[in-house]
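Visitor: For reference, the file target04.pdb (PDB, C-alpha atoms) is included below:
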```
ATOM      1  CA  MET N 743       0.115 -23.444 -43.198
ATOM      2  CA  LYS N 744       1.618 -20.290 -44.755
ATOM      3  CA  THR N 745       4.625 -20.496 -42.449
ATOM      4  CA  LYS N 746       5.340 -24.125 -43.306
ATOM      5  CA  LEU N 747       5.042 -23.451 -47.034
ATOM      6  CA  ILE N 748       7.342 -20.445 -46.820
ATOM      7  CA  SER N 749       9.901 -22.377 -44.759
ATOM      8  CA  LEU N 750       9.833 -25.390 -47.085
ATOM      9  CA  SER N 751      10.182 -23.164 -50.154
ATOM     10  CA  PHE N 752      13.088 -21.331 -48.584
ATOM     11  CA  LEU N 753      14.863 -24.561 -47.663
ATOM     12  CA  LEU N 754      14.393 -25.798 -51.228
ATOM     13  CA  LEU N 755      16.022 -22.614 -52.496
ATOM     14  CA  VAL N 756      18.900 -23.021 -50.054
ATOM     15  CA  PHE N 757      19.496 -26.583 -51.234
ATOM     16  CA  MET N 758      19.335 -25.440 -54.868
ATOM     17  CA  GLY N 759      21.813 -22.675 -54.072
ATOM     18  CA  ASN N 760      24.191 -25.136 -52.423
ATOM     19  CA  ALA N 761      24.029 -27.363 -55.489
ATOM     20  CA  GLN N 762      25.154 -24.425 -57.618
ATOM     21  CA  THR N 763      28.238 -23.558 -55.561
ATOM     22  CA  LYS N 764      30.552 -25.902 -57.453
ATOM     23  CA  ASP N 765      31.590 -25.242 -61.040
ATOM     24  CA  THR N 766      31.714 -28.776 -62.433
ATOM     25  CA  ILE N 767      29.806 -32.018 -62.145
ATOM     26  CA  ALA N 768      32.961 -33.741 -60.873
ATOM     27  CA  ALA N 769      33.199 -31.193 -58.069
ATOM     28  CA  ILE N 770      29.557 -31.850 -57.151
ATOM     29  CA  LYS N 771      30.274 -35.567 -56.784
ATOM     30  CA  ASN N 772      33.088 -34.790 -54.343
ATOM     31  CA  GLN N 773      31.073 -32.087 -52.566
ATOM     32  CA  ASP N 774      31.566 -31.567 -48.860
ATOM     33  CA  LYS N 775      28.764 -32.491 -46.507
ATOM     34  CA  ILE N 776      26.116 -29.882 -45.890
ATOM     35  CA  SER N 777      26.770 -28.353 -42.510
ATOM     36  CA  TYR N 778      24.123 -27.118 -40.090
ATOM     37  CA  LYS N 779      26.088 -23.841 -39.968
ATOM     38  CA  GLN N 780      24.959 -23.112 -43.534
ATOM     39  CA  PHE N 781      21.370 -22.933 -42.290
ATOM     40  CA  ILE N 782      21.835 -20.627 -39.288
ATOM     41  CA  ALA N 783      21.506 -17.290 -41.100
ATOM     42  CA  PRO N 784      18.701 -18.385 -43.475
ATOM     43  CA  ALA N 785      16.772 -20.014 -40.623
ATOM     44  CA  ALA N 786      17.147 -16.897 -38.462
ATOM     45  CA  LEU N 787      15.900 -14.674 -41.301
ATOM     46  CA  VAL N 788      12.928 -16.914 -42.095
ATOM     47  CA  THR N 789      12.037 -17.118 -38.415
ATOM     48  CA  ALA N 790      12.279 -13.350 -37.974
ATOM     49  CA  GLY N 791      10.165 -12.752 -41.074
ATOM     50  CA  THR N 792       7.564 -15.257 -39.956
ATOM     51  CA  LEU N 793       7.339 -13.705 -36.495
ATOM     52  CA  LEU N 794       6.955 -10.230 -38.003
ATOM     53  CA  LEU N 795       4.200 -11.315 -40.388
ATOM     54  CA  ASN N 796       0.902  -9.633 -39.447
ATOM     55  CA  SER N 797       2.384  -8.182 -36.257
ATOM     56  CA  ALA N 798       2.147  -4.731 -34.736
ATOM     57  CA  LEU N 799       5.932  -4.413 -35.021
ATOM     58  CA  ASN N 800       5.692  -4.971 -38.787
ATOM     59  CA  ASP N 801       3.074  -2.235 -39.060
ATOM     60  CA  ASP N 802       5.272   0.070 -36.962
ATOM     61  CA  LEU N 803       8.266  -0.633 -39.190
ATOM     62  CA  GLN N 804       6.194   0.193 -42.273
ATOM     63  CA  SER N 805       4.841   3.430 -40.820
ATOM     64  CA  ASN N 806       8.380   4.433 -39.767
ATOM     65  CA  ALA N 807       9.580   3.733 -43.301
ATOM     66  CA  ASN N 808       6.751   5.883 -44.659
ATOM     67  CA  LYS N 809       7.767   8.701 -42.300
ATOM     68  CA  LEU N 810      11.427   8.356 -43.304
ATOM     69  CA  PHE N 811      10.810   8.442 -47.057
ATOM     70  CA  GLY N 812       7.681  10.592 -46.963
ATOM     71  CA  GLU N 813       4.069   9.599 -47.502
ATOM     72  CA  ASP N 814       4.121  10.757 -51.136
ATOM     73  CA  PHE N 815       7.466   9.200 -52.062
ATOM     74  CA  HIS N 816       7.487   7.494 -55.446
ATOM     75  CA  THR N 817      10.203   6.473 -57.855
ATOM     76  CA  SER N 818      10.325   4.040 -60.746
ATOM     77  CA  ALA N 819      14.042   3.326 -60.244
ATOM     78  CA  ASP N 820      13.116   0.051 -58.542
ATOM     79  CA  ASN N 821      11.783  -1.151 -61.904
ATOM     80  CA  TYR N 822      15.208  -0.747 -63.545
ATOM     81  CA  LEU N 823      17.769  -1.439 -60.811
ATOM     82  CA  PRO N 824      17.236  -5.242 -60.843
ATOM     83  CA  PHE N 825      18.693  -5.340 -64.356
ATOM     84  CA  VAL N 826      21.845  -3.311 -63.704
ATOM     85  CA  PRO N 827      23.782  -6.495 -62.742
ATOM     86  CA  VAL N 828      22.781  -8.029 -66.100
ATOM     87  CA  ALA N 829      24.321  -5.051 -67.893
ATOM     88  CA  GLN N 830      27.383  -5.432 -65.667
ATOM     89  CA  ILE N 831      27.692  -9.095 -66.666
ATOM     90  CA  TYR N 832      27.852  -8.153 -70.331
ATOM     91  CA  LEU N 833      30.024  -5.050 -69.822
ATOM     92  CA  GLY N 834      32.553  -6.562 -67.383
ATOM     93  CA  LYS N 835      34.832  -7.820 -70.127
ATOM     94  CA  SER N 836      34.994  -4.335 -71.684
ATOM     95  CA  PHE N 837      36.135  -3.005 -68.292
ATOM     96  CA  GLY N 838      39.035  -5.449 -68.344
ATOM     97  CA  PHE N 839      37.616  -8.157 -66.070
ATOM     98  CA  LYS N 840      37.776 -11.803 -67.058
ATOM     99  CA  PRO N 841      34.361 -13.481 -67.032
ATOM    100  CA  LYS N 842      33.895 -17.177 -66.276
ATOM    101  CA  ASN N 843      31.727 -17.750 -69.333
ATOM    102  CA  ASP N 844      31.366 -16.531 -72.887
ATOM    103  CA  PHE N 845      28.417 -14.385 -74.038
ATOM    104  CA  GLN N 846      26.272 -17.377 -75.000
ATOM    105  CA  HIS N 847      26.667 -19.137 -71.641
ATOM    106  CA  GLN N 848      26.152 -15.878 -69.761
ATOM    107  CA  THR N 849      22.869 -15.400 -71.616
ATOM    108  CA  ILE N 850      21.755 -18.971 -70.930
ATOM    109  CA  ASN N 851      22.590 -18.578 -67.216
ATOM    110  CA  ILE N 852      20.631 -15.316 -67.020
ATOM    111  CA  ILE N 853      17.560 -16.756 -68.774
ATOM    112  CA  VAL N 854      17.487 -20.020 -66.815
ATOM    113  CA  ALA N 855      18.145 -18.420 -63.396
ATOM    114  CA  ASN N 856      15.527 -15.709 -63.909
ATOM    115  CA  ALA N 857      12.958 -18.214 -65.221
ATOM    116  CA  ILE N 858      13.408 -20.422 -62.144
ATOM    117  CA  ASP N 859      13.321 -17.373 -59.879
ATOM    118  CA  ALA N 860      10.119 -16.076 -61.511
ATOM    119  CA  ALA N 861       8.447 -19.472 -61.190
ATOM    120  CA  VAL N 862       9.323 -19.694 -57.501
ATOM    121  CA  PHE N 863       8.342 -16.167 -56.463
ATOM    122  CA  THR N 864       5.171 -16.186 -58.576
ATOM    123  CA  THR N 865       4.080 -19.480 -57.038
ATOM    124  CA  LEU N 866       4.783 -18.112 -53.565
ATOM    125  CA  LYS N 867       2.933 -14.845 -54.271
ATOM    126  CA  TYR N 868      -0.233 -16.686 -55.307
ATOM    127  CA  THR N 869       0.082 -19.171 -52.439
ATOM    128  CA  VAL N 870       0.842 -16.773 -49.589
ATOM    129  CA  LYS N 871      -1.417 -13.908 -50.770
ATOM    130  CA  GLU N 872       0.037 -11.277 -48.434
ATOM    131  CA  GLU N 873      -1.623  -7.885 -48.873
ATOM    132  CA  ARG N 874       0.594  -4.983 -49.947
ATOM    133  CA  PRO N 875       1.050  -2.059 -47.554
ATOM    134  CA  ASP N 876      -0.736   0.204 -50.052
ATOM    135  CA  GLN N 877      -3.570  -2.367 -50.185
ATOM    136  CA  SER N 878      -3.472  -2.453 -54.014
ATOM    137  CA  ASP N 879      -3.489  -6.283 -54.159
ATOM    138  CA  ASP N 880      -2.530  -9.386 -52.211
ATOM    139  CA  LEU N 881       0.732 -10.216 -54.004
ATOM    140  CA  SER N 882       3.201  -8.582 -51.637
ATOM    141  CA  PHE N 883       5.248 -11.599 -50.571
ATOM    142  CA  PRO N 884       7.844 -12.208 -51.835
ATOM    143  CA  SER N 885       9.009  -9.152 -53.735
ATOM    144  CA  GLY N 886       9.500 -10.150 -57.354
ATOM    145  CA  HIS N 887      11.595  -7.061 -58.079
ATOM    146  CA  THR N 888      13.929  -7.770 -55.171
ATOM    147  CA  SER N 889      14.108 -11.464 -55.977
ATOM    148  CA  ILE N 890      15.119 -10.738 -59.574
ATOM    149  CA  ALA N 891      17.639  -8.148 -58.375
ATOM    150  CA  PHE N 892      19.340 -10.613 -56.020
ATOM    151  CA  THR N 893      19.274 -13.386 -58.631
ATOM    152  CA  ASN N 894      21.036 -11.132 -61.123
ATOM    153  CA  ALA N 895      23.472  -9.914 -58.459
ATOM    154  CA  ALA N 896      24.341 -13.538 -57.654
ATOM    155  CA  LEU N 897      24.910 -14.226 -61.365
ATOM    156  CA  LEU N 898      27.226 -11.204 -61.575
ATOM    157  CA  TYR N 899      29.106 -12.400 -58.522
ATOM    158  CA  TYR N 900      29.485 -15.917 -59.930
ATOM    159  CA  GLU N 901      30.694 -14.552 -63.274
ATOM    160  CA  TYR N 902      33.409 -12.189 -61.966
ATOM    161  CA  LYS N 903      34.309 -13.286 -58.408
ATOM    162  CA  ASP N 904      37.650 -14.724 -59.523
ATOM    163  CA  SER N 905      38.544 -11.669 -61.616
ATOM    164  CA  ASN N 906      37.505  -8.768 -59.363
ATOM    165  CA  VAL N 907      35.553  -9.408 -56.181
ATOM    166  CA  TRP N 908      34.569  -5.735 -55.792
ATOM    167  CA  TYR N 909      33.049  -5.562 -59.249
ATOM    168  CA  ALA N 910      31.454  -8.969 -58.730
ATOM    169  CA  SER N 911      29.892  -7.868 -55.429
ATOM    170  CA  SER N 912      28.631  -4.503 -56.672
ATOM    171  CA  GLY N 913      25.398  -6.032 -57.939
ATOM    172  CA  PHE N 914      24.306  -6.621 -54.354
ATOM    173  CA  LEU N 915      24.241  -2.837 -53.824
ATOM    174  CA  PHE N 916      21.699  -2.499 -56.632
ATOM    175  CA  ALA N 917      19.711  -5.437 -55.266
ATOM    176  CA  THR N 918      19.642  -3.940 -51.779
ATOM    177  CA  ALA N 919      18.621  -0.555 -53.210
ATOM    178  CA  THR N 920      15.791  -2.294 -55.080
ATOM    179  CA  GLY N 921      14.488  -3.826 -51.853
ATOM    180  CA  ILE N 922      14.701  -0.525 -50.003
ATOM    181  CA  LEU N 923      12.922   1.326 -52.799
ATOM    182  CA  ARG N 924      10.128  -1.279 -52.873
ATOM    183  CA  ILE N 925       9.535  -0.509 -49.197
ATOM    184  CA  ALA N 926       9.856   3.244 -49.782
ATOM    185  CA  ASN N 927       7.272   3.016 -52.596
ATOM    186  CA  ASN N 928       4.938   1.359 -50.050
ATOM    187  CA  ARG N 929       4.724  -1.805 -52.159
ATOM    188  CA  HIS N 930       6.343  -4.165 -49.629
ATOM    189  CA  TYR N 931       6.903  -4.469 -45.908
TER     190      TYR N 931
END
```
Since I need it in another form, could you write the structure as structure tokens?
Guide:
Amino acid sequence: MKTKLISLSFLLLVFMGNAQTKDTIAAIKNQDKISYKQFIAPAALVTAGTLLLNSALNDDLQSNANKLFGEDFHTSADNYLPFVPVAQIYLGKSFGFKPKNDFQHQTINIIVANAIDAAVFTTLKYTVKEERPDQSDDLSFPSGHTSIAFTNAALLYYEYKDSNVWYASSGFLFATATGILRIANNRHY
């Protein structure tokens, strides 16, 4: 049941993401067909995650991560890194990059995207009820911090991809660091 719910939720997110790839309503009407190739990487990741769930390999990966970072490792940087791309969205223009939208539309995009993201990951957390590695509660999956970080990184990318692809892509470094630090803090697998 958990696996089907996770897979269906993920596919919904993929479809929503595909709907957002075009900039105008006219472009959406003339949108290319959805190709099976667009689902290969997401399907492989969902399958791998599902197979790892509650497995000995998952426990081994977590214990190896604990050994790598140290049993007593703790940082609060993972609480702040998800919002670095938001700051980058607002500061990009001052660095000389041309944003796609004005301040008002940037703010609306940030609020709407993060509200949808929070609704989805919160619903999944309370549905899946996966225990955290530190056994503090059963809200481990999915990582809200990492989800917010990747949502904001995607917004940064969308906003500046035509002006400077390196700047636009830099948010994904902060998102990846957030995910790694959540694992290092023993809050997620």
Visitor: Report the distance between atom CA of N:Pro884 and atom CA of N:Asn806 in Å, rounded to one decimal place.
Guide: 20.6 Å
Visitor: Counting all atoms listed in the file, which residues come within 12 Å of (18.3, -0.1, -53.1), with the point read in the file's coordinates, and could you list them as number ranges by chain?
Guide: N: 817-824, 826, 887-888, 891-892, 912-927
Visitor: Could you spell out the hits of the PyMOL selection byres ((chain N and resi 876) around 8) on the shown file, as JSON, numbers by chain?
Guide: {"N": [874, 875, 877, 878, 928, 929]}
Visitor: Using the chain letters and numbers from the file, which residues does the PyMOL selection byres ((chain N and resi 897) around 8) grab, as a list in words?
Guide: Pro827, Ile831, Asn851, Ile852, Thr893, Asn894, Ala895, Ala896, Leu898, Tyr899, Tyr900 and Glu901 of chain N
Visitor: Just checking: using all atoms listed in the file, which residue out of N:Tyr931, N:Phe815, N:Phe781, N:Tyr909 ends up closest to N:Ser882?
Guide: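 Looking at the shortest contact to N:Ser882, the residue is N:Tyr931.
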Visitor: For stretch 795-810 of chain N, take all atoms listed in the file, fit an axis-aligned box around them, add 4 Å to each of the six sides, then output centre and edge lengths in Å rounded to one decimal, as JSON.
Guide:
```
{"center_x": 6.2, "center_y": -1.3, "center_z": -39.7, "size_x": 18.5, "size_y": 28.0, "size_z": 17.9}
```
Visitor: Tell me, in Å to one decimal, how far atom CA of N:Gly812 is from atom CA of N:Asn800.
Guide: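 Atom-to-atom, atom CA of N:Gly812 to atom CA of N:Asn800, that is 17.7 Å.
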Visitor: Could you state the separation of atom CA of N:Ala798 and atom CA of N:Val862 in Å, given to one decimal place?
Guide: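 Atom-to-atom, atom CA of N:Ala798 to atom CA of N:Val862, that is 28.2 Å.
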Visitor: Mind checking which residues fall within 10 Å of N:Tyr902, counting only C-alpha atoms, ignoring those fewer than 4 positions away in the same chain, and posting them as a ChimeraX atom specification?
Guide: /N:830-831,834-835,839-843,897-898,906-911
